[in-house]
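Trainee: Input structure: coords_33.txt, which contains compact mmCIF, C-alpha atoms.
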# COMPACT_ATOMS: atom_id res chain seq x y z
CA MET A 22 280.95 199.54 -8.34
CA ASN A 23 282.43 199.15 -4.84
CA ASN A 24 282.82 195.37 -5.29
CA TRP A 25 284.08 195.51 -8.86
CA THR A 26 287.79 194.90 -9.42
CA LEU A 27 289.57 195.98 -12.58
CA ASN A 28 292.03 193.34 -13.82
CA SER A 29 293.52 195.33 -16.71
CA ASP A 30 297.15 196.38 -16.33
CA VAL A 31 296.69 199.22 -18.83
CA LEU A 32 295.72 202.72 -17.68
CA LEU A 33 294.75 205.83 -19.60
CA LEU A 34 296.48 209.12 -18.83
CA GLU A 35 294.18 212.10 -19.24
CA GLY A 36 297.02 214.47 -20.00
CA LEU A 37 296.72 218.00 -21.29
CA LYS A 38 294.08 218.97 -23.82
CA VAL A 39 296.36 220.13 -26.64
CA THR A 40 294.90 221.02 -30.04
CA ARG A 41 296.59 219.79 -33.22
CA ARG A 42 297.67 223.34 -34.05
CA SER A 43 299.28 223.97 -30.65
CA SER A 44 300.81 220.51 -30.22
CA PHE A 45 304.07 221.32 -32.05
CA PRO A 46 304.72 224.64 -30.21
CA ALA A 47 303.96 222.88 -26.90
CA PHE A 48 306.32 220.04 -27.82
CA LEU A 49 309.08 222.46 -28.86
CA LEU A 50 308.74 224.56 -25.69
CA LEU A 51 308.79 221.51 -23.43
CA LEU A 52 311.76 220.04 -25.32
CA LEU A 53 313.75 223.28 -25.01
CA ILE A 54 312.99 223.44 -21.27
CA TYR A 55 314.14 219.83 -20.85
CA ILE A 56 317.37 220.50 -22.78
CA PHE A 57 317.98 223.60 -20.65
CA ILE A 58 317.42 221.63 -17.42
CA MET A 59 319.83 218.90 -18.52
CA VAL A 60 322.54 221.23 -19.85
CA SER A 61 322.42 223.75 -16.98
CA ASN A 62 322.40 221.18 -14.20
CA MET A 63 325.05 218.97 -15.79
CA SER A 64 327.24 222.01 -16.53
CA LEU A 65 327.01 223.05 -12.88
CA MET A 66 327.94 219.53 -11.76
CA PHE A 67 330.83 219.37 -14.26
CA LEU A 68 332.16 222.75 -13.15
CA ILE A 69 332.07 221.85 -9.44
CA LEU A 70 333.69 218.44 -9.96
CA MET A 71 336.42 219.75 -12.32
CA GLU A 72 337.38 222.94 -10.45
CA ARG A 73 339.44 222.21 -7.33
CA THR A 74 338.51 225.53 -5.74
CA LEU A 75 334.84 224.52 -5.80
CA ARG A 76 335.32 221.14 -4.10
CA GLU A 77 333.89 222.43 -0.86
CA PRO A 78 330.92 220.93 1.05
CA MET A 79 328.51 223.69 0.02
CA TYR A 80 329.22 223.27 -3.69
CA LEU A 81 329.27 219.48 -3.51
CA LEU A 82 325.79 219.69 -1.98
CA PHE A 83 324.74 221.63 -5.08
CA CYS A 84 325.64 218.47 -7.03
CA ASN A 85 323.12 216.52 -4.96
CA MET A 86 320.45 219.02 -5.92
CA SER A 87 321.43 218.98 -9.60
CA VAL A 88 321.42 215.17 -9.76
CA ASN A 89 317.96 215.17 -8.17
CA ASP A 90 316.67 217.83 -10.58
CA VAL A 91 317.91 215.87 -13.62
CA PHE A 92 316.29 212.74 -12.15
CA GLY A 93 312.98 214.52 -11.50
CA ALA A 94 312.80 216.11 -14.96
CA THR A 95 313.66 212.83 -16.70
CA THR A 96 310.91 211.06 -14.74
CA ILE A 97 308.21 213.30 -16.21
CA ILE A 98 309.17 215.29 -19.32
CA PRO A 99 310.11 212.55 -21.87
CA ARG A 100 306.73 210.86 -21.33
CA LEU A 101 304.92 214.20 -21.74
CA LEU A 102 306.81 214.85 -24.99
CA ARG A 103 305.70 211.48 -26.34
CA ASP A 104 302.07 211.97 -25.33
CA ILE A 105 301.66 215.43 -26.85
CA PHE A 106 301.21 214.07 -30.39
CA LEU A 107 298.96 211.18 -29.31
CA PRO A 108 295.16 211.53 -29.24
CA SER A 109 293.81 211.80 -25.70
CA SER A 110 292.16 208.39 -26.12
CA GLU A 111 295.51 206.67 -26.87
CA ARG A 112 297.73 207.89 -24.02
CA PHE A 113 298.10 204.50 -22.38
CA ILE A 114 300.52 203.48 -19.63
CA LEU A 115 301.09 200.14 -17.94
CA TYR A 116 300.11 200.06 -14.27
CA ASN A 117 303.62 198.95 -13.24
CA HIS A 118 305.13 201.86 -15.16
CA CYS A 119 302.62 204.22 -13.55
CA ALA A 120 303.57 202.96 -10.07
CA LEU A 121 307.29 203.37 -10.89
CA GLN A 122 306.71 206.91 -12.15
CA ALA A 123 304.71 207.72 -9.00
CA PHE A 124 307.58 206.43 -6.86
CA CYS A 125 310.18 208.47 -8.78
CA ASN A 126 307.96 211.56 -8.68
CA ASN A 127 307.46 211.43 -4.89
CA TYR A 128 311.09 210.41 -4.32
CA HIS A 129 312.35 213.43 -6.26
CA ALA A 130 310.16 215.82 -4.24
CA SER A 131 311.19 214.25 -0.92
CA VAL A 132 314.93 214.27 -1.72
CA SER A 133 314.64 217.98 -2.58
CA HIS A 134 313.59 218.62 1.03
CA THR A 135 316.27 216.47 2.68
CA VAL A 136 319.07 217.92 0.50
CA LEU A 137 317.96 221.47 1.34
CA MET A 138 317.92 220.48 5.02
CA ILE A 139 321.58 219.39 4.97
CA MET A 140 322.45 222.51 2.96
CA ALA A 141 320.91 224.58 5.75
CA PHE A 142 322.97 222.62 8.30
CA ASP A 143 326.11 223.31 6.25
CA ARG A 144 325.41 227.08 6.22
CA TYR A 145 324.74 227.02 9.97
CA ILE A 146 328.14 225.44 10.72
CA ALA A 147 329.95 227.73 8.24
CA ILE A 148 328.50 230.95 9.68
CA CYS A 149 327.87 230.14 13.35
CA ASN A 150 330.91 227.91 13.96
CA PRO A 151 333.46 228.83 11.27
CA LEU A 152 336.57 227.79 13.23
CA HIS A 153 335.38 224.18 13.45
CA TYR A 154 333.81 224.04 9.99
CA SER A 155 336.59 222.04 8.31
CA SER A 156 336.74 219.53 11.17
CA ILE A 157 332.95 219.01 11.19
CA MET A 158 332.12 219.08 7.46
CA THR A 159 334.67 216.45 6.42
CA ASN A 160 334.39 214.23 3.34
CA ARG A 161 333.12 211.43 5.56
CA MET A 162 330.42 213.71 6.99
CA MET A 163 329.44 214.78 3.47
CA VAL A 164 329.04 211.16 2.37
CA ASN A 165 327.00 210.31 5.49
CA LEU A 166 324.71 213.33 5.08
CA SER A 167 324.17 212.64 1.36
CA ALA A 168 323.44 208.96 2.07
CA TRP A 169 320.93 210.01 4.72
CA ALA A 170 319.27 212.52 2.36
CA TRP A 171 318.72 209.88 -0.33
CA GLY A 172 318.34 206.74 1.80
CA SER A 173 315.91 207.82 4.52
CA VAL A 174 313.21 209.05 2.14
CA PHE A 175 313.68 206.03 -0.16
CA ILE A 176 312.20 203.82 2.56
CA MET A 177 309.44 206.32 3.39
CA VAL A 178 308.38 206.71 -0.25
CA ALA A 179 308.57 202.94 -0.87
CA ILE A 180 306.06 202.40 1.97
CA LEU A 181 303.87 205.26 0.67
CA ILE A 182 303.66 203.81 -2.84
CA GLY A 183 303.43 200.23 -1.54
CA LEU A 184 300.26 201.10 0.39
CA SER A 185 298.69 202.44 -2.82
CA VAL A 186 299.81 199.52 -5.00
CA ARG A 187 298.23 196.98 -2.61
CA LEU A 188 294.74 198.38 -3.33
CA SER A 189 292.49 196.74 -5.89
CA ARG A 190 291.42 198.96 -8.81
CA CYS A 191 287.96 199.82 -10.07
CA ARG A 192 289.04 202.67 -12.36
CA TRP A 193 291.54 202.84 -15.20
CA ILE A 194 291.71 206.57 -16.00
CA VAL A 195 294.55 208.54 -14.39
CA GLU A 196 293.29 212.08 -13.84
CA ASN A 197 296.70 213.61 -14.39
CA PRO A 198 299.32 214.05 -17.15
CA PHE A 199 301.63 211.73 -15.14
CA CYS A 200 301.38 209.37 -12.19
CA ASP A 201 301.88 210.27 -8.54
CA ASN A 202 300.73 208.72 -5.27
CA ALA A 203 297.40 210.60 -5.22
CA THR A 204 296.46 209.39 -8.70
CA LEU A 205 297.35 205.80 -7.74
CA PHE A 206 295.03 205.48 -4.77
CA LYS A 207 292.26 207.36 -6.60
CA LEU A 208 292.07 204.36 -8.94
CA SER A 209 290.68 202.25 -6.08
CA CYS A 210 287.18 202.02 -4.59
CA GLU A 211 288.50 200.47 -1.36
CA SER A 212 288.92 202.33 1.90
CA ILE A 213 292.09 204.43 1.80
CA LEU A 214 292.08 205.23 5.52
CA ILE A 215 295.51 203.62 6.05
CA ASN A 216 296.89 205.54 3.06
CA ASN A 217 295.56 208.82 4.45
CA ILE A 218 296.97 208.16 7.93
CA TYR A 219 300.43 207.21 6.65
CA GLY A 220 300.36 209.99 4.04
CA LEU A 221 299.56 212.54 6.74
CA ALA A 222 302.29 211.16 9.03
CA TYR A 223 304.75 211.14 6.11
CA THR A 224 303.92 214.76 5.23
CA VAL A 225 304.12 215.93 8.86
CA VAL A 226 307.50 214.23 9.42
CA LEU A 227 309.03 215.42 6.14
CA LEU A 228 307.65 218.98 6.06
CA GLY A 229 307.82 219.40 9.85
CA SER A 230 311.49 218.46 10.01
CA SER A 231 312.23 220.42 6.83
CA ILE A 232 310.48 223.67 7.79
CA GLY A 233 311.55 223.35 11.44
CA SER A 234 315.24 222.77 10.72
CA VAL A 235 315.46 225.50 8.06
CA THR A 236 313.62 228.02 10.27
CA LEU A 237 315.76 227.32 13.35
CA THR A 238 318.94 227.38 11.26
CA TYR A 239 318.25 230.79 9.78
CA LEU A 240 317.11 232.26 13.08
CA LYS A 241 320.51 231.26 14.47
CA VAL A 242 322.28 232.64 11.39
CA ALA A 243 320.34 235.92 11.63
CA THR A 244 321.25 236.24 15.32
CA VAL A 245 324.96 235.74 14.58
CA CYS A 246 324.87 238.26 11.71
CA LEU A 247 323.10 240.88 13.85
CA GLN A 248 325.67 240.47 16.63
CA SER A 249 328.63 240.50 14.25
CA LYS A 250 330.21 243.71 12.99
CA ASN A 251 332.12 241.89 10.25
CA ASN A 252 330.67 243.25 7.01
CA VAL A 253 332.44 240.63 4.88
CA LEU A 254 330.96 237.79 6.92
CA ASN A 255 327.49 239.33 6.83
CA SER A 256 327.67 239.92 3.08
CA ARG A 257 328.75 236.33 2.35
CA ALA A 258 326.12 234.94 4.72
CA LEU A 259 323.39 237.03 3.06
CA GLN A 260 324.48 235.90 -0.42
CA THR A 261 324.56 232.15 0.25
CA CYS A 262 321.56 232.09 2.58
CA SER A 263 319.34 234.14 0.29
CA THR A 264 320.11 231.71 -2.53
CA HIS A 265 319.24 228.72 -0.37
CA LEU A 266 316.04 230.36 0.90
CA ALA A 267 314.93 231.27 -2.64
CA VAL A 268 315.24 227.63 -3.75
CA TYR A 269 313.54 226.40 -0.57
CA LEU A 270 310.59 228.79 -0.89
CA LEU A 271 310.19 227.82 -4.55
CA LEU A 272 310.03 224.16 -3.50
CA LEU A 273 307.49 224.85 -0.73
CA LEU A 274 305.32 226.97 -3.02
CA SER A 275 305.24 224.36 -5.80
CA GLY A 276 304.44 221.53 -3.36
CA SER A 277 301.72 223.50 -1.56
CA ILE A 278 299.94 224.56 -4.75
CA THR A 279 299.99 220.97 -6.04
CA ILE A 280 298.45 219.62 -2.81
CA ILE A 281 295.79 222.38 -2.72
CA LEU A 282 294.74 221.88 -6.35
CA HIS A 283 294.22 218.14 -5.74
CA ARG A 284 291.31 219.18 -3.46
CA PHE A 285 289.46 220.94 -6.30
CA PRO A 286 288.35 218.42 -8.98
CA GLN A 287 286.45 221.14 -10.86
CA LEU A 288 289.80 222.81 -11.67
CA SER A 289 291.06 219.67 -13.41
CA ASP A 290 292.53 221.33 -16.53
CA HIS A 291 294.13 224.15 -14.55
CA ARG A 292 295.56 221.63 -12.08
CA LYS A 293 297.17 219.57 -14.86
CA LEU A 294 298.91 222.59 -16.38
CA VAL A 295 300.04 223.97 -13.02
CA HIS A 296 301.15 220.48 -11.95
CA ILE A 297 303.46 220.25 -14.97
CA LEU A 298 304.80 223.79 -14.56
CA LEU A 299 305.55 223.27 -10.88
CA HIS A 300 307.45 220.07 -11.64
CA ILE A 301 309.66 221.63 -14.32
CA ALA A 302 310.13 225.14 -12.85
CA PRO A 303 312.37 224.22 -9.86
CA PRO A 304 314.79 222.02 -11.89
CA ALA A 305 315.07 224.81 -14.48
CA LEU A 306 315.45 227.68 -11.99
CA ASN A 307 317.71 226.03 -9.38
CA PRO A 308 320.93 226.07 -11.48
CA VAL A 309 320.15 229.62 -12.59
CA ILE A 310 319.71 230.78 -9.00
CA TYR A 311 322.89 229.06 -7.84
CA GLY A 312 324.93 229.86 -10.93
CA LEU A 313 324.08 233.55 -11.14
CA GLN A 314 323.60 234.42 -7.48
CA ILE A 315 326.79 232.93 -6.02
CA LYS A 316 329.75 235.01 -7.14
CA VAL A 317 332.35 232.22 -7.14
CA VAL A 318 330.24 229.93 -9.34
CA ARG A 319 329.31 232.83 -11.64
CA GLU A 320 332.96 233.81 -12.15
CA LYS A 321 334.01 230.22 -12.83
CA LEU A 322 331.21 229.80 -15.39
CA ILE A 323 332.27 232.99 -17.19
CA ILE A 324 335.90 231.80 -17.28
CA LEU A 325 334.83 228.34 -18.51
CA PHE A 326 332.68 229.67 -21.35
CA THR A 327 335.26 232.33 -22.31
CA ARG A 328 337.97 229.67 -22.46
CA ASN A 329 335.77 227.40 -24.60
CA SER A 330 334.84 230.23 -27.00
CA LYS A 331 338.51 231.20 -27.45
CA THR A 332 339.43 227.58 -28.12
CA ALA A 333 336.63 227.28 -30.68
CA SER A 334 337.72 230.47 -32.47
CA ILE A 335 341.36 229.28 -32.65
CA ILE A 336 340.28 225.94 -34.13
CA HIS A 337 338.01 227.75 -36.61
CA HIS A 338 340.84 230.01 -37.82
Hey, can you dump this file as structure tokens for me?

Mentor:
Amino acid sequence: MNNWTLNSDVLLLEGLKVTRRSSFPAFLLLLLIYIFIMVSNMSLMFLILMERTLREPMYLLFCNMSVNDVFGATTIIPRLLRDIFLPSSERFILYNHCALQAFCNNYHASVSHTVLMIMAFDRYIAICNPLHYSSIMTNRMMVNLSAWAWGSVFIMVAILIGLSVRLSRCRWIVENPFCDNATLFKLSCESILINNIYGLAYTVVLLGSSIGSVTLTYLKVATVCLQSKNNVLNSRALQTCSTHLAVYLLLLLSGSITIILHRFPQLSDHRKLVHILLHIAPPALNPVIYGLQIKVVREKLIILFTRNSKTASIIHH
């Protein structure tokens, strides 16, 4: 087996074990979640881009997160919807498509961390150095930070997936409902020492810088709030920072559970279900957390929907 190389470019996705009776409810639920993710995130982006009062660095950074959430959901959910009605023995995927999906999957997760890092930096400047906020967080700075958030991890993820793609394959069954880096290198019988070393370095750099920067930022913010007697400042800081922390903790929790479950092959079916839930929960919850928690965005959304409903009623009459 160790010397046998698989030449087929077609792989079989294990997917979820869905009975014929439960396939339609599962399809409908997943479709509704996907529609909600698309509509909520795109509505938030539309609102921020159309409302002049929301064209501030913090809200423009929300757009980065929404774009990434739409990208992440589109990478996974349409394929899952298609596979639900297929027998488990017919859920095929081309190896090139699997590698592309693995790249997009890891890229989405990595960009989530870098975007939340620059959002933490933005809150630090706004709360700890408010007088110089407008001179530091300029449009040019926003473009540079966004380019760094998307560009830096693009290279890192490309190397990560490239190391897995270079391996010869002796298996053709993907033990997951969709492809990621772990499922790619599990298809090989070669030594994956280099993959493990780079993967560990990649994880340490990404999570270390992410957790470190967010922790230091909020320690500084907490210190400023404790020293300040300005209740308005403290209230605004608590509102925006709690929102950011909620999204960040959700991201860390989903990533940690996914990594842990990969170490327990006997929990295969549970891992598949949890893996899917943890990939669709953050994109669905992020716009809700931002839209409902932040007062300015919530008020603008209410005004927007009220205006649209009045317009619709006038046209109807």

Trainee: What's around Leu115 (chain A) at 10 Å? Count all atoms listed in the file, leave out sequence neighbours fewer than 2 positions away in its own chain, and write the answer as a PyMOL selection string.

Mentor: chain A and resi 29-33+113+117-121

Trainee: Might you pull out every residue within 9 Å of Asn216 (chain A), with all atoms listed in the file counted and same-chain residues fewer than 4 positions away left off, and present them as a list in words?

Mentor: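 The filter keeps Leu181, Leu184, Ser185, Phe206, Ser212, Gly220 and Leu221 of chain A.
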
Trainee: Between CA of Tyr219 (chain A) and CA of Thr204 (chain A), what is the distance in Å, rounded to a tenth?

Mentor: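 Atom-to-atom, CA of Tyr219 (chain A) to CA of Thr204 (chain A), that is 16.0 Å.
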
Trainee: Go through A:Ile218, A:Cys191, A:Met163, A:Phe106 and flag the residue nearest Pro46 (chain A), using all atoms listed in the file for the distances.

Mentor: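 Checking each candidate against Pro46 (chain A), we get A:Phe106 as the closest.
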
Trainee: Once you count only C-alpha atoms, which residues end up no further than 10 Å from (316.4, 230.1, 1.9) in the file's frame, shown as a VMD selection string?

Mentor: chain A and resid 137 140 to 141 235 to 236 239 259 261 to 271

Trainee: Work out how far apart CA of Pro308 (chain A) and CA of Cys200 (chain A) are and give it in Å to one decimal.

Mentor: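 For CA of Pro308 (chain A) relative to CA of Cys200 (chain A), the distance reads 25.7 Å.
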
Trainee: Figure out the distance between CA of Asn85 (chain A) and CA of Phe175 (chain A), please, to one decimal in Å.

Mentor: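 Interatomic distance here is 14.9 Å.
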
Trainee: Go through A:Val39, A:Met66, A:Leu205, A:Cys149 and flag the residue nearest Leu247 (chain A), using all atoms listed in the file for the distances.

Mentor: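 Among the listed residues, the smallest separation from Leu247 (chain A) belongs to A:Cys149.
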
Trainee: Of the residues A:Ser277, A:Asn197, A:Ser231, A:Thr159, which is the one nearest to Val132 (chain A), using all atoms listed in the file?

Mentor: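 Of all the options, A:Ser231 lies closest to Val132 (chain A).
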
Trainee: Rank A:Pro99, A:Pro198, A:Pro151, A:Gly93 by their smallest atom-to-atom distance to His296 (chain A), using all atoms listed in the file, and report the top residue only.

Mentor: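 Distance minimum relative to His296 (chain A) lands on A:Pro198.
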
Trainee: Using only C-alpha atoms, which residues sit within 9 Å of Ile146 (chain A) once same-chain residues fewer than 6 positions away are excluded, as a PDB file with C-alpha atoms, in the frame of the given file?

Mentor:
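Output below, filename out.pdb:
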ATOM      1  CA  HIS A 153     335.380 224.180  13.450  1.00  0.00           C
ATOM      2  CA  TYR A 154     333.810 224.040   9.990  1.00  0.00           C
ATOM      3  CA  ILE A 157     332.950 219.010  11.190  1.00  0.00           C
ATOM      4  CA  MET A 158     332.120 219.080   7.460  1.00  0.00           C
TER       5      MET A 158
END

Trainee: So, counting all atoms listed in the file, which residue among A:Ala130, A:Leu272, A:Cys125, A:Cys84 is closest to Leu306 (chain A)?

Mentor: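 Of A:Ala130, A:Leu272, A:Cys125, A:Cys84, the one nearest Leu306 (chain A), counting all atoms listed in the file, is A:Leu272.
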
Trainee: Here is a test: counting only C-alpha atoms, which residue of A:Ala179, A:Phe48, A:Leu228, A:Leu214 is nearest to Ser133 (chain A)?

Mentor: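 Answer, going by the shortest atom-to-atom distance: A:Leu228.
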
Trainee: For Leu37 (chain A), please output as a list of chain:residue names all residues within 8 Å (counting all atoms listed in the file; exclusion window: fewer than 2 positions along the same chain).

Mentor: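 Here the qualifying residues turn out to be A:Glu35, A:Val39, A:Ile105, A:Pro198, A:Asp290, A:Lys293, A:Leu294.
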
Trainee: Which residues come within 12 Å of Ile176 (chain A), counting all atoms listed in the file, excluding same-chain residues fewer than 5 positions away, as a PyMOL selection string?

Mentor: chain A and resi 124+127-128+131-132+169-171+181-183+223

Trainee: Calculate, to one decimal in Å, the centre and edge lengths of the box along x, y and z of the file that holds all listed atoms of region 67-83 of chain A with 6 Å of margin on each side, and present them as lines of an AutoDock Vina configuration file.

Mentor:
center_x = 332.1
center_y = 222.0
center_z = -6.6
size_x = 26.7
size_y = 19.1
size_z = 27.3
